[in-house]
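Trainee: Just so it is clear, I am handing over my_file.cif, which has mmCIF, C-alpha atoms.
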data_protein
loop_
_atom_site.label_atom_id
_atom_site.label_comp_id
_atom_site.auth_asym_id
_atom_site.auth_seq_id
_atom_site.Cartn_x
_atom_site.Cartn_y
_atom_site.Cartn_z
CA MET A 1 6.39 43.43 9.79
CA ARG A 2 7.48 44.90 6.47
CA VAL A 3 6.54 43.27 3.19
CA SER A 4 10.12 41.98 2.84
CA GLU A 5 9.74 39.95 6.04
CA LEU A 6 6.32 38.75 4.89
CA VAL A 7 7.99 37.45 1.71
CA GLU A 8 10.68 35.73 3.72
CA ARG A 9 8.41 34.14 6.30
CA SER A 10 5.75 32.95 3.84
CA GLY A 11 8.12 31.84 1.11
CA VAL A 12 5.90 33.62 -1.43
CA PRO A 13 7.84 35.91 -3.83
CA LEU A 14 7.10 39.66 -3.80
CA PRO A 15 5.43 39.86 -7.24
CA THR A 16 3.09 37.03 -6.21
CA VAL A 17 2.30 38.76 -2.90
CA LYS A 18 1.43 41.92 -4.85
CA TYR A 19 -0.73 39.91 -7.22
CA TYR A 20 -2.65 38.34 -4.33
CA LEU A 21 -3.13 41.79 -2.80
CA ARG A 22 -4.50 43.16 -6.10
CA GLU A 23 -6.82 40.18 -6.54
CA GLY A 24 -8.15 40.60 -3.01
CA LEU A 25 -6.95 37.16 -1.83
CA LEU A 26 -4.61 38.73 0.70
CA MET A 27 -6.07 41.42 2.95
CA PRO A 28 -4.20 44.77 2.81
CA GLY A 29 -1.72 45.66 5.56
CA THR A 30 -1.98 48.73 7.72
CA ALA A 31 -0.59 51.71 5.77
CA THR A 32 2.25 53.44 7.64
CA SER A 33 3.14 55.83 4.83
CA ALA A 34 2.17 56.40 1.20
CA THR A 35 4.37 53.51 0.09
CA ARG A 36 4.68 51.31 3.18
CA ALA A 37 2.40 48.98 5.05
CA GLU A 38 2.68 46.77 8.12
CA TYR A 39 1.69 43.13 8.01
CA GLY A 40 1.01 40.64 10.78
CA ASP A 41 0.96 36.89 11.47
CA ALA A 42 -2.50 36.64 9.92
CA HIS A 43 -0.95 37.72 6.61
CA VAL A 44 1.75 35.06 6.83
CA ARG A 45 -0.86 32.43 7.63
CA ARG A 46 -3.09 33.53 4.78
CA LEU A 47 -0.20 33.47 2.30
CA VAL A 48 0.86 29.98 3.36
CA LEU A 49 -2.74 28.83 2.88
CA ILE A 50 -3.02 30.43 -0.58
CA LYS A 51 0.33 28.92 -1.56
CA ALA A 52 -0.78 25.46 -0.45
CA LEU A 53 -4.05 25.70 -2.37
CA ALA A 54 -2.36 27.10 -5.48
CA GLY A 55 0.22 24.31 -5.23
CA LEU A 56 -2.64 21.81 -5.55
CA GLY A 57 -3.53 23.36 -8.91
CA ILE A 58 -6.61 25.15 -7.57
CA THR A 59 -7.51 28.22 -9.63
CA ILE A 60 -7.58 31.74 -8.19
CA PRO A 61 -11.40 32.06 -8.36
CA ARG A 62 -11.81 28.80 -6.44
CA ILE A 63 -9.22 29.86 -3.86
CA LYS A 64 -11.17 33.11 -3.50
CA ALA A 65 -14.35 31.12 -2.85
CA ILE A 66 -12.63 29.03 -0.17
CA LEU A 67 -11.17 32.12 1.52
CA ALA A 68 -14.58 33.83 1.47
CA LEU A 69 -16.03 30.84 3.35
CA ILE A 70 -13.19 30.92 5.86
CA ASP A 71 -13.70 34.64 6.43
CA ASP A 72 -17.46 34.43 6.61
CA PRO A 73 -18.72 30.88 7.19
CA GLY A 74 -22.25 32.11 7.97
CA ASP A 75 -24.46 30.47 10.58
CA GLU A 76 -24.13 26.88 9.41
CA LEU A 77 -20.60 25.58 9.82
CA PHE A 78 -21.60 22.21 8.36
CA GLU A 79 -22.85 23.83 5.14
CA ALA A 80 -19.76 26.05 4.90
CA LEU A 81 -17.50 23.00 5.34
CA GLY A 82 -19.28 21.21 2.48
CA ALA A 83 -19.04 24.24 0.19
CA ALA A 84 -15.33 24.70 0.94
CA ILE A 85 -14.53 21.02 0.29
CA ALA A 86 -16.51 21.20 -2.97
CA ALA A 87 -14.05 23.84 -4.21
CA LEU A 88 -11.21 21.28 -4.08
CA PRO A 89 -10.30 19.04 -7.01
CA PRO A 90 -11.25 16.63 -8.52
CA TYR A 91 -14.12 18.48 -10.19
CA ALA A 92 -16.78 16.01 -11.26
CA ASP A 93 -17.90 16.52 -14.82
CA VAL A 94 -21.62 16.25 -14.27
CA ALA A 95 -22.21 15.08 -17.86
CA ASP A 96 -20.15 11.95 -17.11
CA VAL A 97 -22.21 10.86 -14.17
CA ASP A 98 -25.57 9.09 -13.96
CA GLY A 99 -27.98 11.64 -12.51
CA ASP A 100 -29.07 9.79 -9.42
CA PHE A 101 -25.69 8.28 -8.44
CA PRO A 102 -26.93 4.66 -8.24
CA ARG A 103 -23.51 3.10 -7.48
CA ALA A 104 -22.52 5.69 -4.88
CA ARG A 105 -25.91 5.55 -3.22
CA ALA A 106 -25.81 1.76 -2.92
CA VAL A 107 -22.41 1.90 -1.21
CA ILE A 108 -23.37 4.77 1.10
CA ASP A 109 -26.59 2.97 2.06
CA GLN A 110 -24.68 -0.25 2.70
CA LEU A 111 -22.30 1.60 5.03
CA GLY A 112 -25.06 3.56 6.75
CA TRP A 113 -23.38 6.87 6.00
CA MET A 114 -24.99 10.22 5.28
CA TYR A 115 -26.35 10.50 1.72
CA ASP A 116 -26.52 14.06 0.42
CA PRO A 117 -26.57 14.16 -3.40
CA GLY A 118 -25.69 17.86 -3.32
CA TYR A 119 -22.28 17.07 -1.83
CA ALA A 120 -19.58 16.88 -4.53
CA ALA A 121 -17.97 13.70 -3.16
CA VAL A 122 -21.11 11.70 -4.05
CA GLY A 123 -20.61 12.46 -7.74
CA GLN A 124 -16.87 11.76 -7.37
CA LEU A 125 -17.60 8.35 -5.86
CA GLU A 126 -20.14 7.56 -8.59
CA ARG A 127 -17.61 8.42 -11.29
CA ALA A 128 -14.81 6.45 -9.63
CA LEU A 129 -17.05 3.39 -9.19
CA ALA A 130 -18.21 3.60 -12.82
CA ALA A 131 -14.55 3.71 -13.92
CA ALA A 132 -13.74 0.61 -11.84
CA GLU A 133 -16.73 -1.16 -13.36
CA SER A 134 -15.70 -0.22 -16.91
CA VAL A 135 -12.32 -1.95 -16.52
CA GLY A 136 -13.91 -5.09 -15.13
CA MET A 137 -13.05 -4.44 -11.46
CA PRO A 138 -16.40 -3.39 -9.95
CA MET A 139 -16.38 -2.88 -6.19
CA THR A 140 -17.98 -5.82 -4.42
CA SER A 141 -20.02 -5.37 -1.25
CA LYS A 142 -17.30 -7.25 0.64
CA GLN A 143 -14.76 -4.71 -0.60
CA ALA A 144 -17.10 -1.83 0.23
CA LYS A 145 -17.34 -3.15 3.79
CA ALA A 146 -13.54 -3.31 4.19
CA TYR A 147 -13.00 0.11 2.63
CA GLY A 148 -15.81 1.63 4.65
CA ARG A 149 -14.45 0.36 7.95
CA HIS A 150 -10.89 1.50 7.38
CA VAL A 151 -11.71 4.81 5.71
CA MET A 152 -14.09 5.64 8.56
CA GLY A 153 -11.25 4.84 10.97
CA ILE A 154 -9.08 7.39 9.16
CA ALA A 155 -11.87 9.99 9.09
CA GLU A 156 -12.59 9.54 12.81
CA ALA A 157 -8.99 10.29 13.69
CA GLU A 158 -8.97 13.29 11.37
CA VAL A 159 -12.27 14.85 12.41
CA ALA A 160 -11.33 14.39 16.08
CA GLY A 161 -8.45 16.81 15.43
CA MET A 162 -10.75 19.53 14.08
CA SER A 163 -11.49 22.39 16.42
CA THR A 164 -15.13 23.44 16.35
CA ASP A 165 -14.57 26.49 18.57
CA SER A 166 -13.73 28.71 15.64
CA PRO A 167 -15.52 28.16 12.32
CA ARG A 168 -12.57 29.79 10.57
CA ALA A 169 -10.06 27.32 12.02
CA ALA A 170 -12.41 24.39 11.37
CA ILE A 171 -12.77 25.23 7.66
CA GLU A 172 -9.04 25.85 7.25
CA TYR A 173 -8.30 22.52 8.90
CA ALA A 174 -10.85 20.65 6.78
CA VAL A 175 -9.75 22.18 3.46
CA ILE A 176 -6.04 21.79 4.06
CA GLY A 177 -6.36 18.42 5.75
CA THR A 178 -8.53 17.00 2.99
CA ALA A 179 -6.31 18.16 0.16
CA ILE A 180 -2.88 17.80 1.75
CA TYR A 181 -3.40 14.35 3.27
CA GLU A 182 -4.94 12.77 0.16
CA PRO A 183 -1.48 12.20 -1.43
CA VAL A 184 -0.06 11.04 1.93
CA ILE A 185 -2.71 8.33 2.13
CA ALA A 186 -2.24 7.37 -1.54
CA ALA A 187 1.54 7.00 -1.07
CA LEU A 188 1.09 5.02 2.17
CA ARG A 189 -1.31 2.67 0.36
CA ARG A 190 1.28 1.95 -2.33
CA LEU A 191 3.90 1.29 0.33
CA ALA A 192 1.52 -1.01 2.21
CA HIS A 193 0.89 -2.90 -1.05
CA GLN A 194 4.62 -3.35 -1.48
CA THR A 195 5.06 -4.64 2.07
CA ARG A 196 2.13 -7.06 1.69
CA ALA A 197 3.19 -8.23 -1.77
CA ALA A 198 6.73 -8.91 -0.52
CA ARG A 199 5.30 -11.13 2.23
CA LEU A 200 2.89 -12.83 -0.15
CA LEU A 201 5.48 -13.54 -2.83
CA ASP A 202 7.97 -14.87 -0.27
CA THR A 203 5.58 -17.51 0.93
CA THR A 204 4.28 -18.73 -2.40
CA PRO A 205 6.25 -20.49 -5.14
CA LYS A 206 7.94 -18.01 -7.47
CA PRO A 207 6.14 -17.85 -10.83
CA THR A 208 8.33 -18.81 -13.77
CA MET B 209 -14.24 -11.04 -34.44
CA ARG B 210 -14.02 -8.24 -37.00
CA VAL B 211 -12.55 -4.88 -36.09
CA SER B 212 -16.06 -3.38 -36.02
CA GLU B 213 -17.03 -5.75 -33.21
CA LEU B 214 -13.77 -4.99 -31.43
CA VAL B 215 -14.69 -1.29 -31.54
CA GLU B 216 -18.15 -2.03 -30.21
CA ARG B 217 -17.08 -4.33 -27.40
CA SER B 218 -14.13 -2.22 -26.20
CA GLY B 219 -15.82 1.15 -26.59
CA VAL B 220 -12.65 2.46 -28.26
CA PRO B 221 -13.31 4.31 -31.57
CA LEU B 222 -11.85 2.89 -34.80
CA PRO B 223 -9.26 5.66 -35.43
CA THR B 224 -7.96 5.17 -31.89
CA VAL B 225 -7.77 1.39 -32.36
CA LYS B 226 -5.76 1.96 -35.55
CA TYR B 227 -3.49 4.37 -33.72
CA TYR B 228 -2.83 1.83 -30.93
CA LEU B 229 -2.08 -0.83 -33.58
CA ARG B 230 0.40 1.48 -35.33
CA GLU B 231 2.07 2.40 -32.03
CA GLY B 232 2.41 -1.26 -31.10
CA LEU B 233 0.24 -0.94 -27.96
CA LEU B 234 -2.34 -3.33 -29.40
CA MET B 235 -1.07 -6.58 -30.87
CA PRO B 236 -2.08 -7.17 -34.51
CA GLY B 237 -4.98 -9.49 -35.30
CA THR B 238 -4.71 -12.55 -37.50
CA ALA B 239 -4.84 -11.42 -41.14
CA THR B 240 -7.69 -13.12 -43.05
CA SER B 241 -7.22 -11.12 -46.27
CA ALA B 242 -5.19 -8.16 -47.44
CA THR B 243 -7.54 -5.74 -45.69
CA ARG B 244 -9.15 -7.85 -42.97
CA ALA B 245 -8.00 -9.29 -39.66
CA GLU B 246 -9.59 -11.34 -36.91
CA TYR B 247 -9.38 -10.26 -33.28
CA GLY B 248 -10.04 -12.14 -30.05
CA ASP B 249 -10.98 -11.54 -26.42
CA ALA B 250 -7.35 -10.71 -25.61
CA HIS B 251 -7.64 -7.70 -27.92
CA VAL B 252 -10.79 -6.48 -26.21
CA ARG B 253 -9.15 -6.88 -22.82
CA ARG B 254 -6.02 -5.06 -23.94
CA LEU B 255 -8.02 -2.17 -25.40
CA VAL B 256 -10.04 -1.78 -22.20
CA LEU B 257 -6.79 -1.68 -20.23
CA ILE B 258 -5.20 0.93 -22.55
CA LYS B 259 -8.39 3.00 -22.39
CA ALA B 260 -8.38 2.88 -18.59
CA LEU B 261 -4.72 3.93 -18.38
CA ALA B 262 -5.14 6.68 -21.00
CA GLY B 263 -8.21 7.88 -19.08
CA LEU B 264 -5.97 8.42 -16.05
CA GLY B 265 -3.86 10.82 -18.13
CA ILE B 266 -0.97 8.38 -18.52
CA THR B 267 1.08 9.07 -21.63
CA ILE B 268 1.48 6.57 -24.48
CA PRO B 269 5.18 5.84 -23.71
CA ARG B 270 4.33 5.06 -20.09
CA ILE B 271 1.40 2.87 -21.12
CA LYS B 272 3.79 1.06 -23.45
CA ALA B 273 6.19 0.48 -20.54
CA ILE B 274 3.38 -0.95 -18.40
CA LEU B 275 2.18 -3.23 -21.21
CA ALA B 276 5.74 -4.45 -21.82
CA LEU B 277 5.95 -5.48 -18.15
CA ILE B 278 2.59 -7.25 -18.37
CA ASP B 279 3.67 -9.11 -21.50
CA ASP B 280 7.09 -9.97 -20.16
CA PRO B 281 7.41 -9.59 -16.41
CA GLY B 282 10.73 -11.44 -16.32
CA ASP B 283 11.70 -13.75 -13.48
CA GLU B 284 10.99 -11.44 -10.60
CA LEU B 285 7.31 -10.65 -10.31
CA PHE B 286 7.95 -8.42 -7.31
CA GLU B 287 10.37 -6.23 -9.29
CA ALA B 288 8.00 -6.10 -12.28
CA LEU B 289 5.13 -5.04 -9.99
CA GLY B 290 7.23 -2.19 -8.60
CA ALA B 291 8.28 -1.02 -12.06
CA ALA B 292 4.69 -1.10 -13.34
CA ILE B 293 3.36 0.87 -10.36
CA ALA B 294 6.18 3.42 -10.83
CA ALA B 295 4.77 4.20 -14.29
CA LEU B 296 1.55 5.50 -12.70
CA PRO B 297 1.04 9.13 -11.68
CA PRO B 298 1.86 11.10 -9.60
CA TYR B 299 5.40 11.42 -10.89
CA ALA B 300 7.70 12.68 -8.17
CA ASP B 301 9.85 15.57 -9.28
CA VAL B 302 13.14 14.37 -7.83
CA ALA B 303 14.45 17.92 -7.54
CA ASP B 304 11.68 18.69 -5.05
CA VAL B 305 12.56 15.95 -2.65
CA ASP B 306 15.29 15.62 -0.03
CA GLY B 307 17.64 12.94 -1.32
CA ASP B 308 17.41 10.49 1.55
CA PHE B 309 13.68 10.80 2.24
CA PRO B 310 14.02 11.54 5.96
CA ARG B 311 10.30 12.06 6.64
CA ALA B 312 9.16 9.02 4.67
CA ARG B 313 11.82 6.82 6.21
CA ALA B 314 10.87 7.82 9.76
CA VAL B 315 7.22 6.90 9.11
CA ILE B 316 8.05 3.62 7.34
CA ASP B 317 10.40 2.66 10.17
CA GLN B 318 7.79 3.54 12.76
CA LEU B 319 5.28 1.28 10.98
CA GLY B 320 7.78 -1.52 10.44
CA TRP B 321 7.10 -1.57 6.71
CA MET B 322 9.50 -2.35 3.89
CA TYR B 323 11.84 0.57 3.07
CA ASP B 324 13.11 0.56 -0.51
CA PRO B 325 14.28 4.04 -1.60
CA GLY B 326 14.20 2.91 -5.24
CA TYR B 327 10.41 2.51 -5.07
CA ALA B 328 8.61 5.59 -6.38
CA ALA B 329 6.06 5.72 -3.56
CA VAL B 330 8.84 6.55 -1.05
CA GLY B 331 9.56 9.81 -2.88
CA GLN B 332 5.83 10.46 -3.20
CA LEU B 333 5.38 10.05 0.55
CA GLU B 334 8.36 12.31 1.27
CA ARG B 335 6.94 15.03 -0.96
CA ALA B 336 3.44 14.71 0.51
CA LEU B 337 4.79 14.87 4.09
CA ALA B 338 6.94 17.91 3.25
CA ALA B 339 3.85 19.64 1.81
CA ALA B 340 1.88 18.91 5.00
CA GLU B 341 4.74 20.29 7.08
CA SER B 342 4.97 23.46 4.96
CA VAL B 343 1.34 24.38 5.69
CA GLY B 344 1.79 23.81 9.41
CA MET B 345 0.06 20.39 9.54
CA PRO B 346 2.98 17.95 9.92
CA MET B 347 2.00 14.32 10.45
CA THR B 348 2.37 13.32 14.10
CA SER B 349 3.47 9.83 15.09
CA LYS B 350 0.01 9.27 16.56
CA GLN B 351 -1.49 10.10 13.17
CA ALA B 352 1.06 7.90 11.40
CA LYS B 353 -0.01 5.02 13.63
CA ALA B 354 -3.71 5.48 12.81
CA TYR B 355 -3.06 5.91 9.09
CA GLY B 356 -0.69 2.96 9.03
CA ARG B 357 -3.15 0.63 10.68
CA HIS B 358 -6.10 1.53 8.47
CA VAL B 359 -4.17 1.80 5.21
CA MET B 360 -2.58 -1.60 5.86
CA GLY B 361 -6.09 -2.96 6.44
CA ILE B 362 -7.09 -1.67 3.01
CA ALA B 363 -3.92 -3.06 1.39
CA GLU B 364 -4.40 -6.48 2.98
CA ALA B 365 -7.88 -6.79 1.50
CA GLU B 366 -6.60 -5.63 -1.88
CA VAL B 367 -3.48 -7.79 -2.11
CA ALA B 368 -5.51 -10.81 -0.97
CA GLY B 369 -7.51 -10.44 -4.19
CA MET B 370 -4.41 -10.55 -6.40
CA SER B 371 -3.78 -13.80 -8.22
CA THR B 372 -0.11 -14.82 -8.16
CA ASP B 373 -0.63 -17.75 -10.52
CA SER B 374 -0.14 -15.61 -13.60
CA PRO B 375 2.37 -12.74 -13.46
CA ARG B 376 0.43 -11.07 -16.27
CA ALA B 377 -2.84 -11.10 -14.32
CA ALA B 378 -1.05 -10.00 -11.14
CA ILE B 379 0.49 -6.93 -12.79
CA GLU B 380 -2.75 -6.00 -14.53
CA TYR B 381 -4.58 -6.28 -11.23
CA ALA B 382 -1.98 -4.22 -9.36
CA VAL B 383 -1.75 -1.45 -11.94
CA ILE B 384 -5.48 -1.11 -12.49
CA GLY B 385 -6.36 -1.63 -8.83
CA THR B 386 -3.84 0.97 -7.64
CA ALA B 387 -4.89 3.62 -10.10
CA ILE B 388 -8.62 2.99 -10.34
CA TYR B 389 -9.28 2.63 -6.60
CA GLU B 390 -7.30 5.70 -5.51
CA PRO B 391 -10.18 8.07 -6.41
CA VAL B 392 -12.69 5.63 -4.87
CA ILE B 393 -10.85 5.81 -1.54
CA ALA B 394 -10.44 9.60 -1.78
CA ALA B 395 -14.18 10.06 -2.39
CA LEU B 396 -15.09 7.64 0.42
CA ARG B 397 -12.83 9.58 2.80
CA ARG B 398 -14.63 12.85 2.01
CA LEU B 399 -17.97 11.15 2.58
CA ALA B 400 -16.76 9.67 5.87
CA HIS B 401 -15.63 13.16 6.95
CA GLN B 402 -19.09 14.49 6.17
CA THR B 403 -20.78 11.73 8.17
CA ARG B 404 -18.45 12.27 11.14
CA ALA B 405 -18.68 16.05 11.00
CA ALA B 406 -22.49 15.87 10.96
CA ARG B 407 -22.40 13.77 14.13
CA LEU B 408 -19.82 16.02 15.76
CA LEU B 409 -21.63 19.26 14.98
CA ASP B 410 -24.97 17.86 16.19
CA THR B 411 -23.56 17.10 19.62
CA THR B 412 -21.65 20.32 20.24
CA PRO B 413 -23.08 23.84 20.53
CA LYS B 414 -23.50 25.50 17.13
CA PRO B 415 -20.77 28.10 16.59
CA THR B 416 -22.13 31.59 16.08
#
Could you quickly redo this structure as structure tokens?
Mentor:
Amino acid sequence: MRVSELVERSGVPLPTVKYYLREGLLMPGTATSATRAEYGDAHVRRLVLIKALAGLGITIPRIKAILALIDDPGDELFEALGAAIAALPPYADVADVDGDFPRARAVIDQLGWMYDPGYAAVGQLERALAAAESVGMPMTSKQAKAYGRHVMGIAEAEVAGMSTDSPRAAIEYAVIGTAIYEPVIAALRRLAHQTRAARLLDTTPKPT
Amino acid sequence: MRVSELVERSGVPLPTVKYYLREGLLMPGTATSATRAEYGDAHVRRLVLIKALAGLGITIPRIKAILALIDDPGDELFEALGAAIAALPPYADVADVDGDFPRARAVIDQLGWMYDPGYAAVGQLERALAAAESVGMPMTSKQAKAYGRHVMGIAEAEVAGMSTDSPRAAIEYAVIGTAIYEPVIAALRRLAHQTRAARLLDTTPKPT
């Protein structure tokens, strides 16, 4: 297809497409003349992916890092998945976090999950738990048990949908699924709170 | 206590305490002389709350709105809860969202939850679902069922911990719990993915 169709199908404006080409985020098309090139479905797919990542506020260098892992995951898919997810926000400010992640480690141990201090989500959990503690709402082990059970239920359903045939597809799925479904889950949680609170407040005396 | 102790116990620096006093976010202490005032535990608690909300990037006017609802929730706790939660990020850009929230409504109907288009989380869900659709990962009804079940499990545990005796305490709990535990759940989900993916990739042939 021509670049005009690429623009139309991806929803990415022409100047942005040119910028991504210059920056090496989008692979060049096949030149058909000095000023024309042909593009394919892989270009549309790549543009949609870049657009989604940019829409999450991820910087161009980090998008480049994610795309490099998709294009060349290396021999260890599991390592490549971890590196790609680490390029997503939030970015833990290491200075904020206790070096050995005591709160995160305790929770992960309690749940019997994998503990890998090199994985960015461990620092994220440590920071989030420290914040909860600082406002007087530390996570109890009863809470950790409930969260662990339900979050693992979500993760099981999500990971089951990941194809492991193609490392490229697996990383794309993991990166997009992680980032795009985070706000879905957050919004659903607020709606579930509303539904529960409505039931709770209907069955208890109204406060005055 | 003196203001110096208030600074120490809340962890909020003196210039910031003075700023919150001037802006009316922190209630004044009891004057004991022309230049001195006494503060109590309620001031420490209020400062910790303001600090937590400011740390989430919430602007001073929005913090003021939340505090006003905590101080005077009115007769309808349920309404006050909704208004307080609506002051938390993310702020839906109404222009982005289809007016009648078709995607969100379909999911809420499927789950049998409360549908209230005036509640900010409905617009948030609509926007999040539209984003998932735009990258070719629309939420299926099977997925909605799994998410709904597990997210409601989380919400049940959380709402059960909310005291409805005092509207003030209920709103504080809801605002802080919603905002502070969102990153906890997001980090736990990434860790659960890692644990599941490790199991999955151990039991299937390594991709080459």
Trainee: Got a sec to check which residues sit within 9 Å of (-4.7, -8.8, -8.5), counting all atoms listed in the file, and write them as a PDB file with C-alpha atoms, in the frame of the given file?
Mentor:
ATOM      1  CA  GLU B 366      -6.600  -5.630  -1.880  1.00  0.00           C
ATOM      2  CA  VAL B 367      -3.480  -7.790  -2.110  1.00  0.00           C
ATOM      3  CA  ALA B 368      -5.510 -10.810  -0.970  1.00  0.00           C
ATOM      4  CA  GLY B 369      -7.510 -10.440  -4.190  1.00  0.00           C
ATOM      5  CA  MET B 370      -4.410 -10.550  -6.400  1.00  0.00           C
ATOM      6  CA  SER B 371      -3.780 -13.800  -8.220  1.00  0.00           C
ATOM      7  CA  THR B 372      -0.110 -14.820  -8.160  1.00  0.00           C
ATOM      8  CA  ALA B 377      -2.840 -11.100 -14.320  1.00  0.00           C
ATOM      9  CA  ALA B 378      -1.050 -10.000 -11.140  1.00  0.00           C
ATOM     10  CA  ILE B 379       0.490  -6.930 -12.790  1.00  0.00           C
ATOM     11  CA  GLU B 380      -2.750  -6.000 -14.530  1.00  0.00           C
ATOM     12  CA  TYR B 381      -4.580  -6.280 -11.230  1.00  0.00           C
ATOM     13  CA  ALA B 382      -1.980  -4.220  -9.360  1.00  0.00           C
ATOM     14  CA  VAL B 383      -1.750  -1.450 -11.940  1.00  0.00           C
ATOM     15  CA  ILE B 384      -5.480  -1.110 -12.490  1.00  0.00           C
ATOM     16  CA  GLY B 385      -6.360  -1.630  -8.830  1.00  0.00           C
TER      17      GLY B 385
END
Trainee: Please write as an mmCIF file with C-alpha atoms, in the coordinates of the input the full residue list that the PyMOL selection byres ((chain B) within 6 of (chain A)) yields on this file.
Mentor:
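Output saved as result31.cif:
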data_model
loop_
_atom_site.group_PDB
_atom_site.id
_atom_site.type_symbol
_atom_site.label_atom_id
_atom_site.label_comp_id
_atom_site.auth_asym_id
_atom_site.auth_seq_id
_atom_site.Cartn_x
_atom_site.Cartn_y
_atom_site.Cartn_z
ATOM 1 C CA TRP B 321 7.100 -1.570 6.710
ATOM 2 C CA MET B 322 9.500 -2.350 3.890
ATOM 3 C CA ALA B 329 6.060 5.720 -3.560
ATOM 4 C CA GLN B 332 5.830 10.460 -3.200
ATOM 5 C CA LEU B 333 5.380 10.050 0.550
ATOM 6 C CA ALA B 336 3.440 14.710 0.510
ATOM 7 C CA ALA B 340 1.880 18.910 5.000
ATOM 8 C CA HIS B 358 -6.100 1.530 8.470
ATOM 9 C CA VAL B 359 -4.170 1.800 5.210
ATOM 10 C CA MET B 360 -2.580 -1.600 5.860
ATOM 11 C CA ALA B 363 -3.920 -3.060 1.390
ATOM 12 C CA ILE B 388 -8.620 2.990 -10.340
ATOM 13 C CA PRO B 391 -10.180 8.070 -6.410
ATOM 14 C CA VAL B 392 -12.690 5.630 -4.870
ATOM 15 C CA ALA B 395 -14.180 10.060 -2.390
ATOM 16 C CA ARG B 397 -12.830 9.580 2.800
ATOM 17 C CA ALA B 400 -16.760 9.670 5.870
ATOM 18 C CA HIS B 401 -15.630 13.160 6.950
ATOM 19 C CA THR B 403 -20.780 11.730 8.170
#
Trainee: Which polymer residues have any atom within 12 Å of an atom of Met1 of chain A, counting all atoms listed in the file, with same-chain residues fewer than 6 positions away left out, as a ChimeraX atom specification?
Mentor: /A:7-9,29-32,36-44
Trainee: Evaluate the PyMOL selection byres ((chain A and resi 15-27) around 9) and record the selected residues as number ranges by chain, following the chain and residue labels used in the document.
Mentor: A: 3, 6-7, 12-14, 28-29, 43, 46-47, 50, 60, 63-64, 67-68
Trainee: Would you work out the distance separating atom CA of Ala87 of chain A from atom CA of Leu296 of chain B, expressed in Å to one decimal?
Mentor: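 Between atom CA of Ala87 of chain A and atom CA of Leu296 of chain B the gap works out to 25.5 Å.
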Trainee: Just to confirm, what's the straight-line distance from atom CA of Asp72 of chain A to atom CA of Thr59 of chain A in Å (one decimal)?
Mentor: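 Calculated distance between atom CA of Asp72 of chain A and atom CA of Thr59 of chain A is 20.0 Å.
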Trainee: Quick one: pull the distance between atom CA of Ile278 of chain B and atom CA of Ala291 of chain B, Å, one decimal.
Mentor: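 Atom-to-atom, atom CA of Ile278 of chain B to atom CA of Ala291 of chain B, that is 10.5 Å.
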